[in-house]
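Next up, upload-v6.tsv (TSV, C-alpha atoms):
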```tsv
chain	number	residue	atom	x	y	z
M	29	MET	CA	128.23	66.57	102.02
M	30	LYS	CA	125.58	68.53	100.15
M	31	ILE	CA	123.08	66.75	97.90
M	32	LYS	CA	124.34	68.54	94.79
M	33	GLU	CA	127.94	67.48	95.53
M	34	ILE	CA	126.79	63.86	95.77
M	35	ALA	CA	124.94	64.19	92.46
M	36	GLU	CA	128.06	65.56	90.79
M	37	LEU	CA	130.28	62.78	92.15
M	38	VAL	CA	128.04	60.03	90.74
M	39	GLY	CA	127.29	61.81	87.46
M	40	GLY	CA	123.71	62.02	88.62
M	41	GLU	CA	120.64	64.03	87.82
M	42	ILE	CA	118.40	65.50	90.51
M	43	VAL	CA	114.67	64.81	90.18
M	44	GLY	CA	111.73	64.56	92.59
M	45	ALA	CA	111.63	67.21	95.31
M	46	PRO	CA	114.01	70.14	94.82
M	47	SER	CA	117.40	69.70	96.46
M	48	ASP	CA	117.68	71.31	99.91
M	49	ASP	CA	120.99	73.15	99.61
M	50	GLU	CA	121.38	73.25	103.39
M	51	TYR	CA	120.86	69.53	104.00
M	52	GLU	CA	124.04	67.75	105.05
M	53	VAL	CA	124.45	64.05	104.22
M	54	VAL	CA	126.84	62.26	106.55
M	55	LYS	CA	126.08	58.57	106.01
M	56	ALA	CA	124.89	56.16	103.33
M	57	PHE	CA	123.01	52.89	103.35
M	58	ALA	CA	122.92	50.69	100.24
M	59	SER	CA	120.02	48.28	99.95
M	60	ASP	CA	117.45	46.95	97.52
M	61	LEU	CA	115.60	45.47	100.45
M	62	MET	CA	113.11	47.98	101.83
M	63	SER	CA	112.49	45.73	104.84
M	64	ASP	CA	116.04	46.50	105.96
M	65	VAL	CA	115.69	50.24	105.36
M	66	LEU	CA	112.88	50.26	107.93
M	67	ARG	CA	115.08	48.67	110.59
M	68	PHE	CA	117.56	51.50	111.05
M	69	SER	CA	117.68	55.20	111.83
M	70	MET	CA	118.17	57.09	108.58
M	71	ASP	CA	119.14	60.49	110.01
M	72	GLU	CA	121.53	62.41	107.74
M	73	THR	CA	121.59	59.38	105.44
M	74	VAL	CA	121.36	58.87	101.69
M	75	LEU	CA	119.75	55.61	100.59
M	76	ILE	CA	121.54	54.06	97.63
M	77	THR	CA	119.33	51.58	95.82
M	78	GLY	CA	118.56	49.89	92.53
M	79	LEU	CA	114.94	49.35	93.52
M	80	CYS	CA	112.93	51.85	91.53
M	81	ASN	CA	109.22	51.69	92.31
M	82	ASN	CA	106.51	53.35	94.41
M	83	GLN	CA	107.50	51.36	97.45
M	84	THR	CA	111.01	52.82	97.33
M	85	MET	CA	109.36	56.20	97.94
M	86	ARG	CA	106.83	54.99	100.50
M	87	THR	CA	109.53	53.26	102.51
M	88	SER	CA	111.77	56.32	102.28
M	89	GLU	CA	108.92	58.49	103.52
M	90	MET	CA	108.33	56.27	106.57
M	91	ALA	CA	112.08	56.11	107.25
M	92	ASP	CA	112.32	59.93	107.20
M	93	LEU	CA	114.83	59.85	104.34
M	94	ARG	CA	115.39	63.16	102.57
M	95	VAL	CA	117.50	61.91	99.68
M	96	VAL	CA	117.50	58.67	97.67
M	97	LEU	CA	120.16	57.78	95.11
M	98	ILE	CA	118.88	55.41	92.44
M	99	GLY	CA	121.61	53.62	90.52
M	100	ARG	CA	121.88	51.22	87.56
M	101	ASP	CA	120.29	53.80	85.26
M	102	LYS	CA	116.80	53.04	86.54
M	103	GLN	CA	114.15	55.59	85.56
M	104	PRO	CA	111.57	56.71	88.13
M	105	ASP	CA	108.10	56.96	86.59
M	106	ALA	CA	105.70	59.91	86.96
M	107	GLU	CA	103.89	58.40	89.93
M	108	MET	CA	107.15	57.82	91.78
M	109	LEU	CA	108.27	61.39	91.13
M	110	GLU	CA	104.95	62.67	92.43
M	111	LEU	CA	105.32	60.64	95.61
M	112	ALA	CA	108.85	62.00	96.03
M	113	GLU	CA	107.67	65.58	95.63
M	114	ASP	CA	104.76	65.09	98.03
M	115	SER	CA	107.09	63.63	100.64
M	116	GLY	CA	109.89	66.16	100.13
M	117	ILE	CA	112.35	63.51	98.98
M	118	THR	CA	115.07	64.44	96.50
M	119	ILE	CA	116.02	61.69	94.06
M	120	ILE	CA	119.44	61.49	92.46
M	121	LYS	CA	119.45	59.11	89.51
M	122	SER	CA	122.76	57.76	88.32
M	123	LYS	CA	123.89	55.47	85.51
M	124	TYR	CA	126.54	53.92	87.75
M	125	SER	CA	126.24	50.56	89.49
M	126	ILE	CA	125.49	50.43	93.21
M	127	PHE	CA	129.03	49.19	93.88
M	128	LYS	CA	130.59	52.06	91.96
M	129	ILE	CA	128.35	54.67	93.60
M	130	SER	CA	129.15	53.25	97.03
M	131	GLY	CA	132.88	53.26	96.33
M	132	ILE	CA	132.88	56.84	95.09
M	133	LEU	CA	130.92	58.14	98.09
M	134	TYR	CA	132.95	56.14	100.60
M	135	ALA	CA	136.19	57.49	99.12
M	136	ALA	CA	134.75	61.00	99.37
M	137	GLY	CA	134.15	60.62	103.10
M	138	ILE	CA	130.54	59.46	103.38
M	139	GLN	CA	130.29	57.08	106.33
M	140	PRO	CA	128.59	53.68	106.44
M	141	LEU	CA	125.50	53.39	108.61
M	142	TYR	CA	127.36	50.80	110.69
J	513	MET	CA	90.46	60.98	116.85
J	514	HIS	CA	89.58	57.97	114.76
J	515	TYR	CA	90.69	57.11	111.24
J	516	THR	CA	89.78	54.14	109.06
J	517	PHE	CA	91.44	52.88	105.91
J	518	ASP	CA	90.74	49.94	103.59
J	519	ILE	CA	93.38	47.45	102.52
J	520	GLU	CA	93.24	45.95	99.05
J	521	ARG	CA	94.91	42.65	98.30
J	522	GLY	CA	98.13	42.89	96.30
J	523	ASN	CA	97.72	46.60	95.56
J	524	PHE	CA	101.31	47.77	95.84
J	525	THR	CA	100.50	50.96	93.95
J	526	ASP	CA	98.52	52.31	96.88
J	527	ALA	CA	100.17	50.34	99.70
J	528	GLY	CA	101.47	52.80	102.26
J	529	GLN	CA	98.79	55.45	101.71
J	530	ALA	CA	97.26	54.83	105.13
J	531	SER	CA	100.63	55.08	106.88
J	532	SER	CA	101.45	58.20	104.90
J	533	SER	CA	98.16	59.79	105.90
J	534	VAL	CA	98.69	58.94	109.58
J	535	LYS	CA	102.20	60.37	109.41
J	536	ARG	CA	100.89	63.69	108.12
J	537	THR	CA	98.22	63.80	110.81
J	538	LEU	CA	100.72	63.11	113.60
J	539	LYS	CA	102.99	65.84	112.25
J	540	GLN	CA	100.10	68.30	112.24
J	541	LEU	CA	99.29	67.32	115.82
J	542	GLY	CA	102.86	68.13	116.82
J	543	VAL	CA	103.69	64.62	118.03
J	544	ASP	CA	107.37	64.07	118.89
J	545	PRO	CA	109.29	63.00	115.71
J	546	ALA	CA	110.73	59.87	117.36
J	547	ASN	CA	107.23	58.68	118.27
J	548	ILE	CA	105.98	59.52	114.76
J	549	LYS	CA	108.78	57.46	113.26
J	550	ARG	CA	108.15	54.32	115.32
J	551	THR	CA	104.38	54.62	114.87
J	552	VAL	CA	104.48	54.88	111.10
J	553	VAL	CA	107.19	52.25	110.66
J	554	ALA	CA	105.09	49.77	112.65
J	555	LEU	CA	101.88	50.70	110.83
J	556	PHE	CA	103.60	50.58	107.44
J	557	GLU	CA	105.02	47.11	108.14
J	558	ALA	CA	101.57	45.87	109.17
J	559	GLU	CA	99.96	47.52	106.15
J	560	ILE	CA	102.47	45.92	103.78
J	561	ASN	CA	101.97	42.53	105.48
J	562	ALA	CA	98.22	42.75	104.93
J	563	VAL	CA	98.57	43.85	101.30
J	564	ALA	CA	101.09	41.08	100.69
J	565	HIS	CA	99.38	38.17	102.44
J	566	ALA	CA	95.68	38.88	103.04
J	567	TYR	CA	92.61	39.00	100.81
J	568	GLY	CA	91.59	42.41	102.10
J	569	GLY	CA	91.18	44.22	105.35
J	570	LYS	CA	90.84	47.37	107.37
J	571	ILE	CA	93.03	49.68	109.40
J	572	ASP	CA	91.67	51.56	112.41
J	573	VAL	CA	93.77	54.21	114.10
J	574	ASP	CA	92.82	55.94	117.34
J	575	ILE	CA	94.86	58.86	118.61
J	576	ASP	CA	94.48	60.56	121.96
J	577	GLY	CA	96.83	62.58	124.10
J	578	GLU	CA	98.40	59.53	125.69
J	579	LYS	CA	98.63	56.88	123.03
J	580	ILE	CA	98.14	55.77	119.45
J	581	VAL	CA	96.31	52.47	118.95
J	582	MET	CA	96.45	50.90	115.50
J	583	VAL	CA	94.42	47.84	114.55
J	584	VAL	CA	95.15	46.13	111.24
J	585	ALA	CA	92.50	43.45	110.69
J	586	ASP	CA	92.54	41.25	107.62
J	587	GLU	CA	90.65	38.41	106.06
J	588	GLY	CA	93.29	36.01	104.90
J	589	PRO	CA	95.20	32.79	105.37
J	590	GLY	CA	96.16	33.54	108.98
J	591	ILE	CA	99.56	32.70	110.47
J	592	PRO	CA	99.98	28.96	111.11
J	593	ASN	CA	102.97	29.35	113.42
J	594	LEU	CA	103.23	32.70	115.15
J	595	ASP	CA	106.48	31.84	116.94
J	596	LEU	CA	108.13	31.23	113.57
J	597	ALA	CA	106.62	34.42	112.10
J	598	MET	CA	108.13	36.45	114.93
J	599	GLN	CA	111.59	35.15	114.09
J	600	GLU	CA	113.79	37.47	112.04
J	601	GLY	CA	114.28	36.12	108.53
J	602	TRP	CA	111.29	33.78	108.38
J	603	SER	CA	108.98	34.64	105.51
J	604	THR	CA	106.32	33.15	103.24
J	605	ALA	CA	106.27	36.16	100.89
J	606	SER	CA	105.67	35.61	97.18
J	607	ALA	CA	108.13	36.48	94.42
J	608	LYS	CA	106.01	39.56	93.62
J	609	VAL	CA	106.29	40.83	97.18
J	610	ARG	CA	110.04	40.29	97.13
J	611	GLU	CA	110.28	42.21	93.85
J	612	MET	CA	108.75	45.17	95.67
J	613	GLY	CA	111.60	45.09	98.18
J	614	TYR	CA	109.84	43.27	101.00
J	615	GLY	CA	109.46	39.72	102.26
J	616	ALA	CA	112.70	39.53	104.22
J	617	GLY	CA	110.96	38.21	107.30
J	618	MET	CA	111.61	41.37	109.27
J	619	GLY	CA	108.08	42.78	109.42
J	620	LEU	CA	106.64	41.39	112.64
J	621	PRO	CA	109.95	41.61	114.58
J	622	ASN	CA	110.26	45.24	113.46
J	623	ILE	CA	106.69	45.98	114.56
J	624	LYS	CA	107.49	44.54	117.97
J	625	LYS	CA	110.62	46.67	118.19
J	626	ASN	CA	108.80	49.90	117.36
J	627	THR	CA	105.68	49.52	119.52
J	628	ASP	CA	105.08	49.47	123.27
J	629	ASP	CA	102.41	46.81	123.04
J	630	LEU	CA	101.72	44.26	120.32
J	631	LYS	CA	98.88	41.76	120.19
J	632	ILE	CA	98.35	39.35	117.32
J	633	ASP	CA	95.15	37.33	116.98
J	634	THR	CA	95.29	34.92	114.10
J	635	LYS	CA	93.24	31.99	112.88
J	636	VAL	CA	94.27	29.85	109.94
J	637	GLY	CA	91.84	30.24	107.05
J	638	VAL	CA	90.08	33.20	108.67
J	639	GLY	CA	92.50	36.09	109.13
J	640	THR	CA	94.78	38.06	111.37
J	641	THR	CA	94.28	41.07	113.59
J	642	VAL	CA	97.36	42.99	114.68
J	643	THR	CA	96.85	45.52	117.48
J	644	MET	CA	99.73	47.92	118.07
J	645	THR	CA	100.01	50.59	120.75
J	646	VAL	CA	102.50	53.42	120.99
J	647	TYR	CA	102.47	55.44	124.22
J	648	LEU	CA	103.22	59.13	123.77
J	649	THR	CA	104.13	59.90	127.35
```
Show me the file's structure as structure tokens.
Amino acid sequence: MKIKEIAELVGGEIVGAPSDDEYEVVKAFASDLMSDVLRFSMDETVLITGLCNNQTMRTSEMADLRVVLIGRDKQPDAEMLELAEDSGITIIKSKYSIFKISGILYAAGIQPLY
Amino acid sequence: MHYTFDIERGNFTDAGQASSSVKRTLKQLGVDPANIKRTVVALFEAEINAVAHAYGGKIDVDIDGEKIVMVVADEGPGIPNLDLAMQEGWSTASAKVREMGYGAGMGLPNIKKNTDDLKIDTKVGVGTTVTMTVYLT
């Protein structure tokens, strides 16, 4: 699924690095725990999280994530957006809860990481 | 090639800068993406550990054609029981560290998983030195 399709499904807004229209998201991983994000391969994966700080971006960078979906209407600050742009990470911010976002994406065919 | 970075206690604004810089360098050097990933994940975990637990420290990274050696040396409380610290889920992280999304007790086990060689020298009340090696060939 394309990044823009995901953004539409969760009523989201794209910020951070510009959306790569060719990038195909196959799987999702939902976690507020960055320690767990670092434990798995994040290929073709969108991270769904309510954690909205610099370390969300740093962890995503190390995990080779290309797209992060921030739920619960959290607002990334300027520094976080700069980190996202520098690392080529697209952020989708959504007002929905993590549970709702996960349900919508699962129903639309996005696979769990495991 | 040799790179050195400073670690500042509790500075979660800048935590990860060293790992980010090393990642960019390895990309420029054309290192295999899988090796880049495990190198920077291990270094990042060690960097976060030092920021979270130590009073300050230093990161030294040496890169040659065969291997990447990363030494994260801190002045800090040390690790009283290394066997426990290597167990998944064991953590002494503060509430602040947990608010940042860390402190799940996965750091050292994850470093071990992502490196070919791991050596930890620690002395209570003095500090900890973590030496990690990733072989490129």
*Could you please tell me, as a PyMOL selection string, which residues of chain M have an atom within 8 Å of chain J when using only C-alpha atoms?*
chain M and resi 60-64+66-67+79+81-84+86+89-92
Residues from the last selection, C-alpha atoms, saved as a PDB file, in the coordinates of the input:
```
ATOM      1  CA  ASP M  60     117.450  46.950  97.520  1.00  0.00           C
ATOM      2  CA  LEU M  61     115.600  45.470 100.450  1.00  0.00           C
ATOM      3  CA  MET M  62     113.110  47.980 101.830  1.00  0.00           C
ATOM      4  CA  SER M  63     112.490  45.730 104.840  1.00  0.00           C
ATOM      5  CA  ASP M  64     116.040  46.500 105.960  1.00  0.00           C
ATOM      6  CA  LEU M  66     112.880  50.260 107.930  1.00  0.00           C
ATOM      7  CA  ARG M  67     115.080  48.670 110.590  1.00  0.00           C
ATOM      8  CA  LEU M  79     114.940  49.350  93.520  1.00  0.00           C
ATOM      9  CA  ASN M  81     109.220  51.690  92.310  1.00  0.00           C
ATOM     10  CA  ASN M  82     106.510  53.350  94.410  1.00  0.00           C
ATOM     11  CA  GLN M  83     107.500  51.360  97.450  1.00  0.00           C
ATOM     12  CA  THR M  84     111.010  52.820  97.330  1.00  0.00           C
ATOM     13  CA  ARG M  86     106.830  54.990 100.500  1.00  0.00           C
ATOM     14  CA  GLU M  89     108.920  58.490 103.520  1.00  0.00           C
ATOM     15  CA  MET M  90     108.330  56.270 106.570  1.00  0.00           C
ATOM     16  CA  ALA M  91     112.080  56.110 107.250  1.00  0.00           C
ATOM     17  CA  ASP M  92     112.320  59.930 107.200  1.00  0.00           C
TER      18      ASP M  92
END
```
Using only C-alpha atoms, which residues sit within 9 Å of Asp628 of chain J once same-chain residues fewer than 4 positions away are excluded, as a compact mmCIF listing (two decimals) with C-alpha atoms, in the coordinates of the input?
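For reference, selection-v5.txt as written:
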```
# COMPACT_ATOMS: atom_id res chain seq x y z
CA LYS J 624 107.49 44.54 117.97
CA MET J 644 99.73 47.92 118.07
CA THR J 645 100.01 50.59 120.75
CA VAL J 646 102.50 53.42 120.99
CA TYR J 647 102.47 55.44 124.22
```
*Tell me which of M:Ile42, M:Met70, M:Ile98, M:Tyr51 sits closest to Lys30 of chain M, counting all atoms listed in the file.*
M:Tyr51
*So how far away is atom CA of Val584 of chain J from atom CA of Lys539 of chain J, in Å?*
21.2 Å
*Interatomic distance between atom CA of Asp629 of chain J and atom CA of Val534 of chain J?*
18.5 Å
Residues at most 9 Å from segment 118-126 of chain M, counting only C-alpha atoms, excluding those fewer than 4 positions away in the same chain, as a PDB file with C-alpha atoms, keeping the file's coordinate frame?
```pdb
ATOM      1  CA  ILE M  31     123.080  66.750  97.900  1.00  0.00           C
ATOM      2  CA  LYS M  32     124.340  68.540  94.790  1.00  0.00           C
ATOM      3  CA  ILE M  34     126.790  63.860  95.770  1.00  0.00           C
ATOM      4  CA  ALA M  35     124.940  64.190  92.460  1.00  0.00           C
ATOM      5  CA  VAL M  38     128.040  60.030  90.740  1.00  0.00           C
ATOM      6  CA  GLY M  39     127.290  61.810  87.460  1.00  0.00           C
ATOM      7  CA  GLY M  40     123.710  62.020  88.620  1.00  0.00           C
ATOM      8  CA  GLU M  41     120.640  64.030  87.820  1.00  0.00           C
ATOM      9  CA  ILE M  42     118.400  65.500  90.510  1.00  0.00           C
ATOM     10  CA  VAL M  43     114.670  64.810  90.180  1.00  0.00           C
ATOM     11  CA  GLY M  44     111.730  64.560  92.590  1.00  0.00           C
ATOM     12  CA  ALA M  45     111.630  67.210  95.310  1.00  0.00           C
ATOM     13  CA  PRO M  46     114.010  70.140  94.820  1.00  0.00           C
ATOM     14  CA  SER M  47     117.400  69.700  96.460  1.00  0.00           C
ATOM     15  CA  ASP M  48     117.680  71.310  99.910  1.00  0.00           C
ATOM     16  CA  ALA M  58     122.920  50.690 100.240  1.00  0.00           C
ATOM     17  CA  SER M  59     120.020  48.280  99.950  1.00  0.00           C
ATOM     18  CA  ILE M  76     121.540  54.060  97.630  1.00  0.00           C
ATOM     19  CA  THR M  77     119.330  51.580  95.820  1.00  0.00           C
ATOM     20  CA  GLY M  78     118.560  49.890  92.530  1.00  0.00           C
ATOM     21  CA  ARG M  94     115.390  63.160 102.570  1.00  0.00           C
ATOM     22  CA  VAL M  95     117.500  61.910  99.680  1.00  0.00           C
ATOM     23  CA  VAL M  96     117.500  58.670  97.670  1.00  0.00           C
ATOM     24  CA  LEU M  97     120.160  57.780  95.110  1.00  0.00           C
ATOM     25  CA  ILE M  98     118.880  55.410  92.440  1.00  0.00           C
ATOM     26  CA  GLY M  99     121.610  53.620  90.520  1.00  0.00           C
ATOM     27  CA  ARG M 100     121.880  51.220  87.560  1.00  0.00           C
ATOM     28  CA  ASP M 101     120.290  53.800  85.260  1.00  0.00           C
ATOM     29  CA  LYS M 102     116.800  53.040  86.540  1.00  0.00           C
ATOM     30  CA  GLN M 103     114.150  55.590  85.560  1.00  0.00           C
ATOM     31  CA  PRO M 104     111.570  56.710  88.130  1.00  0.00           C
ATOM     32  CA  LEU M 109     108.270  61.390  91.130  1.00  0.00           C
ATOM     33  CA  ALA M 112     108.850  62.000  96.030  1.00  0.00           C
ATOM     34  CA  GLU M 113     107.670  65.580  95.630  1.00  0.00           C
ATOM     35  CA  SER M 130     129.150  53.250  97.030  1.00  0.00           C
ATOM     36  CA  GLY M 131     132.880  53.260  96.330  1.00  0.00           C
TER      37      GLY M 131
END
```
*Point-to-point distance in Å for atom CA of Thr649 of chain J and atom CA of Ala546 of chain J*: 12.0 Å
Could you put an axis-aligned box around every listed atom of segment 102-119 of chain M, padded by 4 Å on each side, and send me its centre and edge lengths in Å to one decimal, as JSON?
```
{"center_x": 110.3, "center_y": 59.6, "center_z": 93.1, "size_x": 20.9, "size_y": 21.1, "size_z": 23.1}
```
*Shell of 8 Å around segment 569-579 of chain J, all atoms listed in the file, local chain residues under 6 positions omitted, as a list in words*: Met513, His514, Tyr515, Thr516, Phe517, Asp518, Ile519, Glu520, Ala530, Glu559, Ala562, Ala585, Asp586, Glu587, Thr645, Val646, Tyr647, Leu648 and Thr649 of chain J
*For each of M:Glu36, M:Asp114, M:Asp105, M:Glu72, take the minimum atom-to-atom distance to Val54 of chain M, counting only C-alpha atoms, then give the residue where this is smallest.*
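Of the candidates, the smallest distance to Val54 of chain M is held by M:Glu72.
Of the listed residues (J:Ala605, J:Ala564, J:Ile580, J:Ala597), J:Ile580 comes nearest to Thr537 of chain J; the distances count all atoms listed in the file.
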Just so I have it separately, write segment 80-103 of chain M from the block I sent, keeping N, CA and C atoms, as a short mmCIF file (atom, residue, chain, number, x, y, z; two decimals), in the first residue's frame.
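As written to disk, part_39.cif reads:
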```cif
data_model
loop_
_atom_site.label_atom_id
_atom_site.label_comp_id
_atom_site.auth_asym_id
_atom_site.auth_seq_id
_atom_site.Cartn_x
_atom_site.Cartn_y
_atom_site.Cartn_z
N CYS M 80 5.99 10.48 20.60
CA CYS M 80 6.25 11.59 19.68
C CYS M 80 7.38 12.44 20.23
N ASN M 81 8.62 12.00 20.01
CA ASN M 81 9.77 12.79 20.44
C ASN M 81 10.96 12.51 19.52
N ASN M 82 12.07 13.17 19.80
CA ASN M 82 13.27 13.01 18.95
C ASN M 82 13.68 11.55 18.82
N GLN M 83 13.53 10.82 19.92
CA GLN M 83 14.01 9.44 19.91
C GLN M 83 13.15 8.54 19.04
N THR M 84 11.90 8.94 18.78
CA THR M 84 11.09 8.20 17.81
C THR M 84 11.78 8.26 16.45
N MET M 85 12.31 9.43 16.11
CA MET M 85 12.97 9.61 14.81
C MET M 85 14.34 8.95 14.77
N ARG M 86 15.09 9.09 15.86
CA ARG M 86 16.43 8.47 15.90
C ARG M 86 16.31 6.95 15.78
N THR M 87 15.37 6.40 16.53
CA THR M 87 15.18 4.94 16.49
C THR M 87 14.74 4.52 15.08
N SER M 88 13.84 5.27 14.50
CA SER M 88 13.35 4.94 13.16
C SER M 88 14.48 4.99 12.14
N GLU M 89 15.36 5.96 12.32
CA GLU M 89 16.52 6.08 11.43
C GLU M 89 17.40 4.83 11.53
N MET M 90 17.70 4.41 12.75
CA MET M 90 18.56 3.24 12.94
C MET M 90 17.88 1.96 12.43
N ALA M 91 16.56 1.93 12.54
CA ALA M 91 15.81 0.74 12.13
C ALA M 91 15.52 0.72 10.63
N ASP M 92 16.00 1.74 9.92
CA ASP M 92 15.77 1.85 8.46
C ASP M 92 14.30 1.99 8.10
N LEU M 93 13.52 2.59 9.00
CA LEU M 93 12.11 2.84 8.68
C LEU M 93 11.99 4.01 7.71
N ARG M 94 11.04 3.93 6.79
CA ARG M 94 10.83 5.02 5.84
C ARG M 94 9.57 5.81 6.16
N VAL M 95 8.67 5.17 6.94
CA VAL M 95 7.43 5.87 7.26
C VAL M 95 6.97 5.54 8.69
N VAL M 96 6.60 6.61 9.41
CA VAL M 96 6.15 6.47 10.80
C VAL M 96 4.78 7.12 10.92
N LEU M 97 3.85 6.38 11.51
CA LEU M 97 2.49 6.90 11.68
C LEU M 97 2.29 7.24 13.15
N ILE M 98 2.12 8.50 13.45
CA ILE M 98 1.97 8.95 14.83
C ILE M 98 0.50 9.21 15.12
N GLY M 99 -0.03 8.46 16.08
CA GLY M 99 -1.46 8.54 16.40
C GLY M 99 -1.74 9.41 17.61
N ARG M 100 -2.95 9.30 18.09
CA ARG M 100 -3.42 10.02 19.30
C ARG M 100 -3.27 11.53 19.20
N ASP M 101 -3.28 12.03 17.97
CA ASP M 101 -3.23 13.48 17.74
C ASP M 101 -2.00 14.15 18.35
N LYS M 102 -0.91 13.41 18.40
CA LYS M 102 0.34 14.00 18.91
C LYS M 102 0.96 14.87 17.82
N GLN M 103 1.60 15.96 18.23
CA GLN M 103 2.15 16.92 17.28
C GLN M 103 3.68 16.92 17.29
#
```
